[in-house]
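run-v7.pdb, holding PDB, C-alpha atoms:
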ATOM      1  CA  MET A 944     -14.180  30.487  -5.498
ATOM      2  CA  SER A 945     -13.590  26.710  -5.403
ATOM      3  CA  ARG A 946     -10.974  24.995  -3.273
ATOM      4  CA  ASN A 947      -8.736  24.503  -6.305
ATOM      5  CA  GLU A 948      -9.166  28.032  -7.721
ATOM      6  CA  CYS A 949      -7.343  31.263  -7.040
ATOM      7  CA  CYS A 950      -6.546  34.444  -8.919
ATOM      8  CA  CYS A 951      -3.255  33.151 -10.366
ATOM      9  CA  CYS A 952      -4.546  29.755 -11.553
ATOM     10  CA  ARG A 953      -5.317  29.019 -15.187
ATOM     11  CA  ASN A 954      -8.486  27.072 -14.365
ATOM     12  CA  ASN A 955     -10.348  25.362 -11.564
ATOM     13  CA  THR A 956      -8.278  22.163 -11.751
ATOM     14  CA  ASP A 957      -4.963  23.953 -11.280
ATOM     15  CA  VAL A 958      -3.180  24.303  -7.972
ATOM     16  CA  CYS A 959      -1.146  27.508  -7.607
ATOM     17  CA  LEU A 960       2.202  27.872  -5.912
ATOM     18  CA  ASN A 961       0.764  30.005  -3.109
ATOM     19  CA  GLN A 962      -1.776  27.321  -2.336
ATOM     20  CA  ILE A 963       0.873  24.597  -2.277
ATOM     21  CA  MET A 964       3.005  26.585   0.138
ATOM     22  CA  THR A 965       0.111  27.069   2.550
ATOM     23  CA  GLU A 966      -1.072  23.449   2.449
ATOM     24  CA  GLU A 967      -0.157  21.265   5.416
ATOM     25  CA  ALA A 968       2.624  18.714   4.999
ATOM     26  CA  PHE A 969       2.073  14.980   5.427
ATOM     27  CA  ASP A 970       4.260  12.176   6.688
ATOM     28  CA  VAL A 971       2.787   9.654   4.248
ATOM     29  CA  THR A 972       0.675  10.185   1.147
ATOM     30  CA  VAL A 973      -0.778   7.125  -0.570
ATOM     31  CA  VAL A 974      -1.987   7.166  -4.164
ATOM     32  CA  GLY A 975      -3.923   3.969  -4.630
ATOM     33  CA  SER A 976      -6.998   1.831  -4.289
ATOM     34  CA  CYS A 977     -10.009   1.452  -2.034
ATOM     35  CA  MET A 978     -11.927  -1.827  -1.975
ATOM     36  CA  THR A 979     -14.932  -2.983  -0.012
ATOM     37  CA  ASP A 980     -14.034  -6.473   1.278
ATOM     38  CA  LEU A 981     -16.736  -9.145   1.106
ATOM     39  CA  VAL A 982     -15.213 -11.856   3.295
ATOM     40  CA  SER A 983     -16.301 -15.485   3.675
ATOM     41  CA  GLN A 984     -14.635 -17.815   6.177
ATOM     42  CA  ALA A 985     -14.670 -21.514   5.334
ATOM     43  CA  PRO A 986     -12.861 -24.679   6.462
ATOM     44  CA  ARG A 987     -10.920 -24.741   3.185
ATOM     45  CA  LEU A 988     -10.704 -22.946  -0.150
ATOM     46  CA  PRO A 989     -13.136 -24.377  -2.765
ATOM     47  CA  LYS A 990     -11.882 -26.198  -5.842
ATOM     48  CA  ALA A 991     -12.869 -25.032  -9.322
ATOM     49  CA  GLY A 992     -16.622 -25.475  -9.815
ATOM     50  CA  GLU A 993     -17.163 -26.543  -6.197
ATOM     51  CA  THR A 994     -19.648 -25.092  -3.710
ATOM     52  CA  ILE A 995     -18.796 -25.434  -0.020
ATOM     53  CA  HIS A 996     -20.383 -24.212   3.210
ATOM     54  CA  GLY A 997     -18.695 -21.331   5.021
ATOM     55  CA  HIS A 998     -19.180 -20.503   8.682
ATOM     56  CA  LYS A 999     -18.956 -16.693   8.744
ATOM     57  CA  PHE A1000     -19.430 -13.673   6.454
ATOM     58  CA  PHE A1001     -18.626 -10.006   7.022
ATOM     59  CA  ILE A1002     -18.023  -6.787   5.094
ATOM     60  CA  GLY A1003     -14.838  -4.832   5.736
ATOM     61  CA  PHE A1004     -12.587  -2.131   4.320
ATOM     62  CA  GLY A1005      -9.711  -3.064   2.025
ATOM     63  CA  GLY A1006      -7.767  -2.195  -1.109
ATOM     64  CA  LYS A1007      -3.980  -2.171  -1.041
ATOM     65  CA  GLY A1008      -3.590   1.607  -1.082
ATOM     66  CA  ALA A1009      -6.150   2.296   1.609
ATOM     67  CA  ASN A1010      -4.834  -0.569   3.750
ATOM     68  CA  GLN A1011      -1.315   0.830   3.665
ATOM     69  CA  CYS A1012      -2.574   4.326   4.457
ATOM     70  CA  ILE A1013      -4.702   3.149   7.401
ATOM     71  CA  GLN A1014      -1.815   1.166   8.922
ATOM     72  CA  ALA A1015       0.527   4.148   8.661
ATOM     73  CA  ALA A1016      -2.110   6.376  10.262
ATOM     74  CA  ARG A1017      -2.683   3.950  13.135
ATOM     75  CA  LEU A1018       1.034   4.050  13.900
ATOM     76  CA  GLY A1019       0.954   7.823  14.243
ATOM     77  CA  ALA A1020       1.812   9.028  10.739
ATOM     78  CA  LYS A1021       0.016  12.099   9.409
ATOM     79  CA  THR A1022      -1.503  10.625   6.256
ATOM     80  CA  ALA A1023      -3.404  11.658   3.137
ATOM     81  CA  MET A1024      -5.175   9.339   0.696
ATOM     82  CA  VAL A1025      -5.498  10.069  -3.026
ATOM     83  CA  CYS A1026      -8.127   7.733  -4.481
ATOM     84  CA  LYS A1027     -11.550   7.474  -6.109
ATOM     85  CA  VAL A1028     -14.713   5.757  -4.850
ATOM     86  CA  GLY A1029     -18.229   5.495  -6.202
ATOM     87  CA  LYS A1030     -21.134   7.715  -5.273
ATOM     88  CA  ASP A1031     -22.719   4.789  -3.496
ATOM     89  CA  PHE A1032     -23.217   3.321  -0.031
ATOM     90  CA  PHE A1033     -19.785   1.683   0.024
ATOM     91  CA  GLY A1034     -18.093   4.895  -1.101
ATOM     92  CA  GLU A1035     -19.719   7.012   1.587
ATOM     93  CA  ASN A1036     -18.804   4.429   4.213
ATOM     94  CA  TYR A1037     -15.224   4.358   3.026
ATOM     95  CA  ILE A1038     -14.789   8.111   3.299
ATOM     96  CA  GLN A1039     -16.120   7.943   6.867
ATOM     97  CA  ASN A1040     -13.689   5.090   7.583
ATOM     98  CA  PHE A1041     -10.778   7.287   6.526
ATOM     99  CA  LYS A1042     -11.988  10.074   8.777
ATOM    100  CA  ASP A1043     -12.448   7.663  11.691
ATOM    101  CA  ASN A1044      -8.780   6.644  11.299
ATOM    102  CA  GLY A1045      -7.477  10.209  11.056
ATOM    103  CA  VAL A1046      -6.680  10.091   7.323
ATOM    104  CA  HIS A1047      -6.914  13.387   5.384
ATOM    105  CA  THR A1048      -9.744  13.012   2.817
ATOM    106  CA  ASP A1049      -9.616  16.198   0.714
ATOM    107  CA  PHE A1050      -8.174  14.182  -2.172
ATOM    108  CA  VAL A1051     -10.666  11.292  -2.009
ATOM    109  CA  GLY A1052     -12.873  11.737  -5.084
ATOM    110  CA  GLN A1053     -16.299  10.271  -5.844
ATOM    111  CA  THR A1054     -17.739   9.332  -9.233
ATOM    112  CA  SER A1055     -21.137   8.304 -10.588
ATOM    113  CA  ASP A1056     -19.481   6.494 -13.500
ATOM    114  CA  ALA A1057     -18.408   3.374 -11.587
ATOM    115  CA  ALA A1058     -19.065   1.566  -8.325
ATOM    116  CA  THR A1059     -16.668   1.554  -5.402
ATOM    117  CA  GLY A1060     -14.078  -1.191  -5.888
ATOM    118  CA  ALA A1061     -14.890  -4.542  -4.327
ATOM    119  CA  ALA A1062     -12.913  -7.629  -3.291
ATOM    120  CA  SER A1063     -14.406 -11.085  -2.755
ATOM    121  CA  ILE A1064     -12.236 -12.892  -0.210
ATOM    122  CA  ILE A1065     -12.326 -16.492   1.026
ATOM    123  CA  VAL A1066     -10.267 -17.333   4.126
ATOM    124  CA  ASN A1067      -9.685 -20.931   5.225
ATOM    125  CA  ASP A1068      -9.120 -22.220   8.741
ATOM    126  CA  ALA A1069      -5.332 -22.131   8.213
ATOM    127  CA  GLY A1070      -5.490 -18.379   7.568
ATOM    128  CA  GLU A1071      -4.784 -18.722   3.829
ATOM    129  CA  ASN A1072      -6.888 -16.720   1.382
ATOM    130  CA  ALA A1073      -8.085 -16.445  -2.209
ATOM    131  CA  ILE A1074      -9.123 -13.015  -3.519
ATOM    132  CA  VAL A1075     -10.937 -11.684  -6.602
ATOM    133  CA  ILE A1076     -11.020  -7.899  -7.068
ATOM    134  CA  VAL A1077     -13.223  -5.674  -9.241
ATOM    135  CA  ALA A1078     -11.442  -2.317  -9.437
ATOM    136  CA  GLY A1079     -14.475  -0.169 -10.349
ATOM    137  CA  ALA A1080     -13.958   3.521  -9.513
ATOM    138  CA  ASN A1081     -10.276   2.910  -8.764
ATOM    139  CA  MET A1082      -9.508   2.780 -12.494
ATOM    140  CA  LEU A1083     -10.946   6.277 -12.999
ATOM    141  CA  LEU A1084      -8.272   7.894 -10.838
ATOM    142  CA  GLY A1085      -6.134   9.786 -13.353
ATOM    143  CA  GLY A1086      -3.865  12.698 -14.116
ATOM    144  CA  GLU A1087      -6.419  15.405 -13.362
ATOM    145  CA  GLU A1088      -6.927  14.065  -9.854
ATOM    146  CA  LEU A1089      -3.163  13.786  -9.346
ATOM    147  CA  TRP A1090      -2.656  17.401 -10.340
ATOM    148  CA  GLY A1091      -5.371  18.414  -7.887
ATOM    149  CA  ALA A1092      -3.561  16.395  -5.199
ATOM    150  CA  LEU A1093      -0.168  17.992  -5.893
ATOM    151  CA  PRO A1094      -0.037  19.604  -2.421
ATOM    152  CA  ALA A1095      -0.371  16.179  -0.775
ATOM    153  CA  VAL A1096       2.201  14.579  -3.083
ATOM    154  CA  SER A1097       4.808  17.339  -3.189
ATOM    155  CA  ARG A1098       4.782  18.061   0.549
ATOM    156  CA  ALA A1099       4.855  14.470   1.807
ATOM    157  CA  LYS A1100       7.887  12.816   3.371
ATOM    158  CA  VAL A1101       6.988   9.465   1.767
ATOM    159  CA  LEU A1102       4.734   8.558  -1.169
ATOM    160  CA  VAL A1103       3.357   5.027  -1.566
ATOM    161  CA  CYS A1104       1.911   3.513  -4.775
ATOM    162  CA  GLN A1105       0.683   0.090  -5.970
ATOM    163  CA  LEU A1106      -0.974  -1.401  -9.086
ATOM    164  CA  GLU A1107      -4.674  -1.645  -8.181
ATOM    165  CA  ILE A1108      -5.211   1.626 -10.066
ATOM    166  CA  SER A1109      -4.166   2.639 -13.589
ATOM    167  CA  LEU A1110      -0.487   1.891 -14.194
ATOM    168  CA  GLN A1111      -0.047   5.309 -15.784
ATOM    169  CA  THR A1112      -1.486   7.019 -12.711
ATOM    170  CA  SER A1113       0.820   5.150 -10.346
ATOM    171  CA  LEU A1114       3.878   5.927 -12.450
ATOM    172  CA  GLN A1115       2.919   9.585 -12.783
ATOM    173  CA  ALA A1116       2.513   9.844  -9.000
ATOM    174  CA  LEU A1117       5.951   8.306  -8.414
ATOM    175  CA  ARG A1118       7.531  10.710 -10.896
ATOM    176  CA  MET A1119       5.795  13.702  -9.297
ATOM    177  CA  ALA A1120       7.123  12.626  -5.910
ATOM    178  CA  GLN A1121      10.698  12.211  -7.108
ATOM    179  CA  GLU A1122      10.598  15.588  -8.869
ATOM    180  CA  ASN A1123       9.732  17.105  -5.475
ATOM    181  CA  LYS A1124      12.416  15.071  -3.620
ATOM    182  CA  VAL A1125       9.811  12.937  -1.838
ATOM    183  CA  LYS A1126      10.894   9.393  -0.922
ATOM    184  CA  THR A1127       8.925   6.695  -2.760
ATOM    185  CA  ILE A1128       7.785   3.181  -1.900
ATOM    186  CA  PHE A1129       6.391   1.157  -4.786
ATOM    187  CA  ASN A1130       4.497  -2.090  -4.235
ATOM    188  CA  PRO A1131       4.113  -3.851  -7.620
ATOM    189  CA  ALA A1132       0.905  -5.645  -6.704
ATOM    190  CA  PRO A1133      -0.999  -7.184  -8.341
ATOM    191  CA  ALA A1134       2.218  -7.933 -10.248
ATOM    192  CA  ILE A1135       2.556  -7.928 -14.038
ATOM    193  CA  ALA A1136       5.442  -9.569 -15.857
ATOM    194  CA  ASP A1137       6.083  -6.725 -18.330
ATOM    195  CA  LEU A1138       6.274  -3.890 -15.807
ATOM    196  CA  ASP A1139       7.430  -0.583 -17.340
ATOM    197  CA  ALA A1140      11.131  -0.104 -16.600
ATOM    198  CA  ASP A1141      10.455   3.416 -15.325
ATOM    199  CA  PHE A1142       8.706   1.967 -12.252
ATOM    200  CA  TYR A1143      12.038   0.614 -11.024
ATOM    201  CA  ARG A1144      13.863   3.884 -11.586
ATOM    202  CA  ALA A1145      11.106   5.820  -9.798
ATOM    203  CA  SER A1146      11.260   3.597  -6.676
ATOM    204  CA  ASP A1147      13.441   4.495  -3.713
ATOM    205  CA  VAL A1148      12.155   1.284  -2.097
ATOM    206  CA  PHE A1149      10.731  -1.434  -4.348
ATOM    207  CA  CYS A1150       8.767  -3.786  -2.066
ATOM    208  CA  CYS A1151       7.138  -7.024  -3.209
ATOM    209  CA  ASN A1152       6.397 -10.519  -1.922
ATOM    210  CA  GLU A1153       7.937 -13.761  -3.157
ATOM    211  CA  SER A1154       5.276 -14.539  -5.791
ATOM    212  CA  GLU A1155       5.488 -11.012  -7.204
ATOM    213  CA  ALA A1156       9.297 -11.194  -7.284
ATOM    214  CA  GLU A1157       9.059 -14.534  -9.104
ATOM    215  CA  LEU A1158       6.744 -13.121 -11.778
ATOM    216  CA  LEU A1159       8.892 -10.019 -12.257
ATOM    217  CA  THR A1160      12.220 -11.858 -12.513
ATOM    218  CA  GLY A1161      11.067 -15.109 -14.128
ATOM    219  CA  SER A1162      13.013 -17.074 -11.501
ATOM    220  CA  SER A1163      11.873 -19.183  -8.570
ATOM    221  CA  VAL A1164      11.657 -17.334  -5.239
ATOM    222  CA  ALA A1165      10.864 -20.153  -2.825
ATOM    223  CA  ASN A1166      13.466 -19.530  -0.125
ATOM    224  CA  VAL A1167      15.788 -16.916   1.343
ATOM    225  CA  GLU A1168      18.702 -17.602  -1.015
ATOM    226  CA  GLU A1169      16.501 -17.300  -4.081
ATOM    227  CA  ALA A1170      15.050 -14.083  -2.650
ATOM    228  CA  HIS A1171      18.587 -12.668  -2.342
ATOM    229  CA  ARG A1172      19.218 -13.395  -6.027
ATOM    230  CA  ALA A1173      15.846 -11.971  -7.100
ATOM    231  CA  GLY A1174      16.487  -8.841  -5.054
ATOM    232  CA  GLN A1175      19.833  -8.303  -6.760
ATOM    233  CA  GLU A1176      18.185  -8.715 -10.175
ATOM    234  CA  LEU A1177      15.470  -6.169  -9.335
ATOM    235  CA  LEU A1178      18.081  -3.779  -7.965
ATOM    236  CA  LYS A1179      19.920  -3.838 -11.313
ATOM    237  CA  ARG A1180      16.799  -2.401 -12.938
ATOM    238  CA  GLY A1181      17.292   0.914 -11.172
ATOM    239  CA  CYS A1182      15.623   0.713  -7.739
ATOM    240  CA  GLY A1183      17.183   2.500  -4.812
ATOM    241  CA  SER A1184      16.584  -0.534  -2.574
ATOM    242  CA  VAL A1185      14.555  -3.755  -2.768
ATOM    243  CA  ILE A1186      12.588  -5.561  -0.062
ATOM    244  CA  ILE A1187      11.139  -9.008  -0.752
ATOM    245  CA  THR A1188       8.744 -10.144   1.971
ATOM    246  CA  LEU A1189       8.657 -13.869   2.733
ATOM    247  CA  GLY A1190       5.783 -14.257   5.203
ATOM    248  CA  PRO A1191       6.892 -16.267   8.258
ATOM    249  CA  GLN A1192      10.488 -16.273   6.926
ATOM    250  CA  GLY A1193      10.684 -12.490   7.371
ATOM    251  CA  CYS A1194      12.115 -10.540   4.434
ATOM    252  CA  VAL A1195      15.225  -9.890   2.387
ATOM    253  CA  VAL A1196      16.558  -6.325   2.127
ATOM    254  CA  VAL A1197      18.860  -5.473  -0.789
ATOM    255  CA  LYS A1198      20.475  -2.032  -0.896
ATOM    256  CA  ALA A1199      22.399  -0.397  -3.722
ATOM    257  CA  GLN A1200      24.726   1.299  -1.271
ATOM    258  CA  GLY A1201      27.509  -1.194  -0.699
ATOM    259  CA  SER A1202      25.554  -3.819  -2.682
ATOM    260  CA  SER A1203      24.473  -5.361   0.619
ATOM    261  CA  SER A1204      21.784  -8.039   0.963
ATOM    262  CA  LYS A1205      20.410  -9.047   4.355
ATOM    263  CA  HIS A1206      17.872 -11.554   5.594
ATOM    264  CA  VAL A1207      15.687  -9.970   8.271
ATOM    265  CA  GLN A1208      14.093 -12.733  10.324
ATOM    266  CA  THR A1209      10.820 -12.442  12.194
ATOM    267  CA  THR A1210       9.248 -14.132  15.204
ATOM    268  CA  ALA A1211       6.820 -16.951  14.422
ATOM    269  CA  VAL A1212       3.209 -16.198  15.415
ATOM    270  CA  PRO A1213      -0.041 -18.199  15.155
ATOM    271  CA  ALA A1214      -1.625 -16.957  11.907
ATOM    272  CA  VAL A1215      -5.410 -16.613  11.944
ATOM    273  CA  ASP A1216      -5.858 -14.524   8.778
ATOM    274  CA  THR A1217      -3.016 -13.341   6.551
ATOM    275  CA  THR A1218      -5.237 -11.057   4.419
ATOM    276  CA  GLY A1219      -3.617  -7.631   4.169
ATOM    277  CA  ALA A1220      -0.455  -8.569   6.061
ATOM    278  CA  GLY A1221       1.747  -7.302   3.248
ATOM    279  CA  ASP A1222      -0.099  -3.990   3.274
ATOM    280  CA  SER A1223       0.375  -3.744   7.031
ATOM    281  CA  PHE A1224       4.113  -4.210   6.468
ATOM    282  CA  ILE A1225       4.277  -1.474   3.814
ATOM    283  CA  GLY A1226       2.157   0.959   5.832
ATOM    284  CA  ALA A1227       4.450   0.436   8.822
ATOM    285  CA  LEU A1228       7.552   0.780   6.628
ATOM    286  CA  ALA A1229       6.250   4.100   5.269
ATOM    287  CA  CYS A1230       5.637   5.369   8.777
ATOM    288  CA  TYR A1231       9.172   4.444   9.869
ATOM    289  CA  MET A1232      10.695   6.033   6.759
ATOM    290  CA  ALA A1233       8.813   9.266   7.492
ATOM    291  CA  HIS A1234       9.529   9.402  11.226
ATOM    292  CA  TYR A1235      13.045   7.872  11.349
ATOM    293  CA  PRO A1236      14.749   8.790   8.034
ATOM    294  CA  THR A1237      18.235   7.913   9.306
ATOM    295  CA  MET A1238      17.271   4.452  10.619
ATOM    296  CA  PRO A1239      18.837   1.587   8.617
ATOM    297  CA  LEU A1240      16.337   0.100   6.161
ATOM    298  CA  GLU A1241      16.791  -3.405   7.573
ATOM    299  CA  GLU A1242      15.821  -2.125  11.042
ATOM    300  CA  MET A1243      12.722  -0.466   9.601
ATOM    301  CA  ALA A1244      11.895  -3.788   7.918
ATOM    302  CA  ARG A1245      12.412  -5.714  11.162
ATOM    303  CA  ARG A1246       9.964  -3.458  12.990
ATOM    304  CA  ALA A1247       7.480  -3.535  10.097
ATOM    305  CA  ASN A1248       7.638  -7.352  10.224
ATOM    306  CA  GLN A1249       6.579  -7.212  13.869
ATOM    307  CA  VAL A1250       3.665  -4.904  13.104
ATOM    308  CA  ALA A1251       2.490  -7.208  10.299
ATOM    309  CA  GLY A1252       2.923 -10.182  12.628
ATOM    310  CA  VAL A1253       0.382  -8.665  14.995
ATOM    311  CA  SER A1254      -2.103  -8.168  12.144
ATOM    312  CA  VAL A1255      -2.201 -11.844  11.108
ATOM    313  CA  GLN A1256      -3.352 -12.888  14.575
ATOM    314  CA  THR A1257      -6.814 -11.321  14.076
ATOM    315  CA  VAL A1258      -9.471 -11.981  11.422
ATOM    316  CA  GLY A1259     -10.077  -9.189   8.911
ATOM    317  CA  THR A1260      -7.958  -6.721   7.003
ATOM    318  CA  GLN A1261      -7.878  -3.162   8.341
ATOM    319  CA  LYS A1262      -9.626  -4.111  11.546
ATOM    320  CA  SER A1263      -6.665  -6.375  12.331
ATOM    321  CA  TYR A1264      -4.150  -3.539  12.013
ATOM    322  CA  PRO A1265      -2.637  -2.505  15.353
ATOM    323  CA  PHE A1266      -2.555   1.023  16.752
ATOM    324  CA  LYS A1267       0.665   2.490  18.121
ATOM    325  CA  LYS A1268      -0.716   2.349  21.672
ATOM    326  CA  ASP A1269      -1.174  -1.426  21.384
ATOM    327  CA  LEU A1270       2.412  -2.153  20.357
ATOM    328  CA  PRO A1271       5.633  -2.448  22.407
ATOM    329  CA  ALA A1272       7.312   0.895  23.084
ATOM    330  CA  GLU A1273      10.608  -0.371  21.651
ATOM    331  CA  LEU A1274       9.071  -0.298  18.142
ATOM    332  CA  PHE A1275       8.987   3.515  18.321
TER     333      PHE A1275
END

Will you turn the file into structure tokens for me?
Amino acid sequence: MSRNECCCCRNNTDVCLNQIMTEEAFDVTVVGSCMTDLVSQAPRLPKAGETIHGHKFFIGFGGKGANQCIQAARLGAKTAMVCKVGKDFFGENYIQNFKDNGVHTDFVGQTSDAATGAASIIVNDAGENAIVIVAGANMLLGGEELWGALPAVSRAKVLVCQLEISLQTSLQALRMAQENKVKTIFNPAPAIADLDADFYRASDVFCCNESEAELLTGSSVANVEEAHRAGQELLKRGCGSVIITLGPQGCVVVKAQGSSSKHVQTTAVPAVDTTGAGDSFIGALACYMAHYPTMPLEEMARRANQVAGVSVQTVGTQKSYPFKKDLPAELF
């Protein structure tokens, strides 16, 4: 009998109620992407059609979903990843990477129909980056896999989704979570201007950066005041709360309760590589939401800012993410 089969199931892809009840619960479940990062460091970003010399190259683990899951796990959250990788070298390595970081991998699928997702990243000496992604196997994650992962979704404290997989899959995951009274964090990245209105209504916390907020609202988001206005506009679309991250300016937190909007400042740090900093923030936020559900959202955001601030001081994506043991005790 397969893992997904029992006497009361209709077929092998179904998950029965008895099985759900006996499955372990998770703090954070992430439905999202895995990408192999192909990283080049160079003095500056090349112009269109230009070839420049870089000074270092390395291969790392990335993808917004996996990044967020790994950061939450490193902070002590019990995590599960729902994703799809290729049946290739990169896919096998990625599954081992999850295991090495304590992430539950029963819902990590492999396919022969596409390669593991890949991201080509250029980082300049100022820590700025340019990224091209090829989604590959990520786009084959669909409803059948979500149904198979129902135990991880329905018994999580927090579910996190993004847009590096099929939009329909992300929205379905958010709906499944809300139907089971699981808190949701939605990161609309990479952002699209005509985002389905249901994404807002399915988001307990809608978290984006300034460029994503600008695309979604059609208004400039270049400073804190403009972020406040954009947050209020996004909130009107049905989100429970909105967080707009502003890099070194911290973030703006807009809550429906009391219609409050607060600027959460952060401490300036020397940035070496900002790749994946937003994912570090969201992974930390998910961990805080799972472990401290009564903590004010702005306090969670302040602490998540500090975690992300540590990550930008080291080159690389996931390898820059701090562990709980390496952070000040007052963050926990």

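Distance check against A:Ser1184 using only C-alpha atoms: of A:Glu1122, A:Glu1241, A:Asp1139, A:Glu1169, the minimum falls on A:Glu1241.
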
Take the PyMOL selection byres ((chain A and resi 1213) around 10), run it mentally on this structure, and tell me the resulting residues as a VMD selection string. chain A and resid 1069 to 1070 1191 1211 to 1212 1214 to 1216 1252 to 1253 1255 to 1257

Excluding same-chain residues fewer than 5 positions from A:Lys1205, what lies within 8 Å of it counting all atoms listed in the file, as number ranges by chain? A: 1171, 1195-1197, 1241

Please list as a ChimeraX atom specification every residue within 8 Å of stretch 1098-1111 of chain A, counting all atoms listed in the file and excluding residues in the same chain fewer than 5 positions away. /A:967-976,1006-1008,1078,1081-1085,1116-1117,1120,1123,1125-1134,1229,1232-1233

Evaluating the PyMOL selection byres ((chain A and resi 1242) around 12) on the displayed file yields which residues, as a PyMOL selection string? chain A and resi 1194-1196+1205-1209+1227-1228+1231-1232+1235-1241+1243-1249+1273-1275

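Going from atom CA of A:Gly997 over to atom CA of A:Tyr1264, you cover 24.0 Å.
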
Start from the incomplete input, build N, CA and C atoms for stretch 1181-1194 of chain A, and deliver everything as an mmCIF file, in the coordinates of the input.
data_model
loop_
_atom_site.group_PDB
_atom_site.id
_atom_site.type_symbol
_atom_site.label_atom_id
_atom_site.label_comp_id
_atom_site.auth_asym_id
_atom_site.auth_seq_id
_atom_site.Cartn_x
_atom_site.Cartn_y
_atom_site.Cartn_z
ATOM 1 N N GLY A 1181 17.277 -0.503 -11.483
ATOM 2 C CA GLY A 1181 17.292 0.914 -11.172
ATOM 3 C C GLY A 1181 16.666 1.322 -9.860
ATOM 4 N N CYS A 1182 16.210 0.381 -9.047
ATOM 5 C CA CYS A 1182 15.623 0.713 -7.739
ATOM 6 C C CYS A 1182 16.691 1.249 -6.798
ATOM 7 N N GLY A 1183 16.266 2.072 -5.853
ATOM 8 C CA GLY A 1183 17.183 2.500 -4.812
ATOM 9 C C GLY A 1183 17.498 1.365 -3.863
ATOM 10 N N SER A 1184 16.461 0.636 -3.437
ATOM 11 C CA SER A 1184 16.584 -0.534 -2.574
ATOM 12 C C SER A 1184 15.434 -1.485 -2.898
ATOM 13 N N VAL A 1185 15.591 -2.750 -2.536
ATOM 14 C CA VAL A 1185 14.555 -3.755 -2.768
ATOM 15 C C VAL A 1185 14.278 -4.495 -1.467
ATOM 16 N N ILE A 1186 12.990 -4.696 -1.175
ATOM 17 C CA ILE A 1186 12.588 -5.561 -0.062
ATOM 18 C C ILE A 1186 11.666 -6.637 -0.621
ATOM 19 N N ILE A 1187 12.008 -7.892 -0.377
ATOM 20 C CA ILE A 1187 11.139 -9.008 -0.752
ATOM 21 C C ILE A 1187 10.631 -9.648 0.536
ATOM 22 N N THR A 1188 9.331 -9.572 0.760
ATOM 23 C CA THR A 1188 8.744 -10.144 1.971
ATOM 24 C C THR A 1188 8.492 -11.634 1.754
ATOM 25 N N LEU A 1189 8.708 -12.405 2.818
ATOM 26 C CA LEU A 1189 8.657 -13.869 2.733
ATOM 27 C C LEU A 1189 7.733 -14.477 3.786
ATOM 28 N N GLY A 1190 6.724 -13.738 4.214
ATOM 29 C CA GLY A 1190 5.783 -14.257 5.203
ATOM 30 C C GLY A 1190 6.487 -14.626 6.495
ATOM 31 N N PRO A 1191 6.278 -15.867 6.988
ATOM 32 C CA PRO A 1191 6.892 -16.267 8.258
ATOM 33 C C PRO A 1191 8.414 -16.337 8.229
ATOM 34 N N GLN A 1192 9.020 -16.279 7.021
ATOM 35 C CA GLN A 1192 10.488 -16.273 6.926
ATOM 36 C C GLN A 1192 11.067 -14.867 7.022
ATOM 37 N N GLY A 1193 10.204 -13.861 7.247
ATOM 38 C CA GLY A 1193 10.684 -12.490 7.371
ATOM 39 C C GLY A 1193 10.785 -11.807 6.025
ATOM 40 N N CYS A 1194 11.932 -11.212 5.725
ATOM 41 C CA CYS A 1194 12.115 -10.540 4.434
ATOM 42 C C CYS A 1194 13.597 -10.440 4.113
#
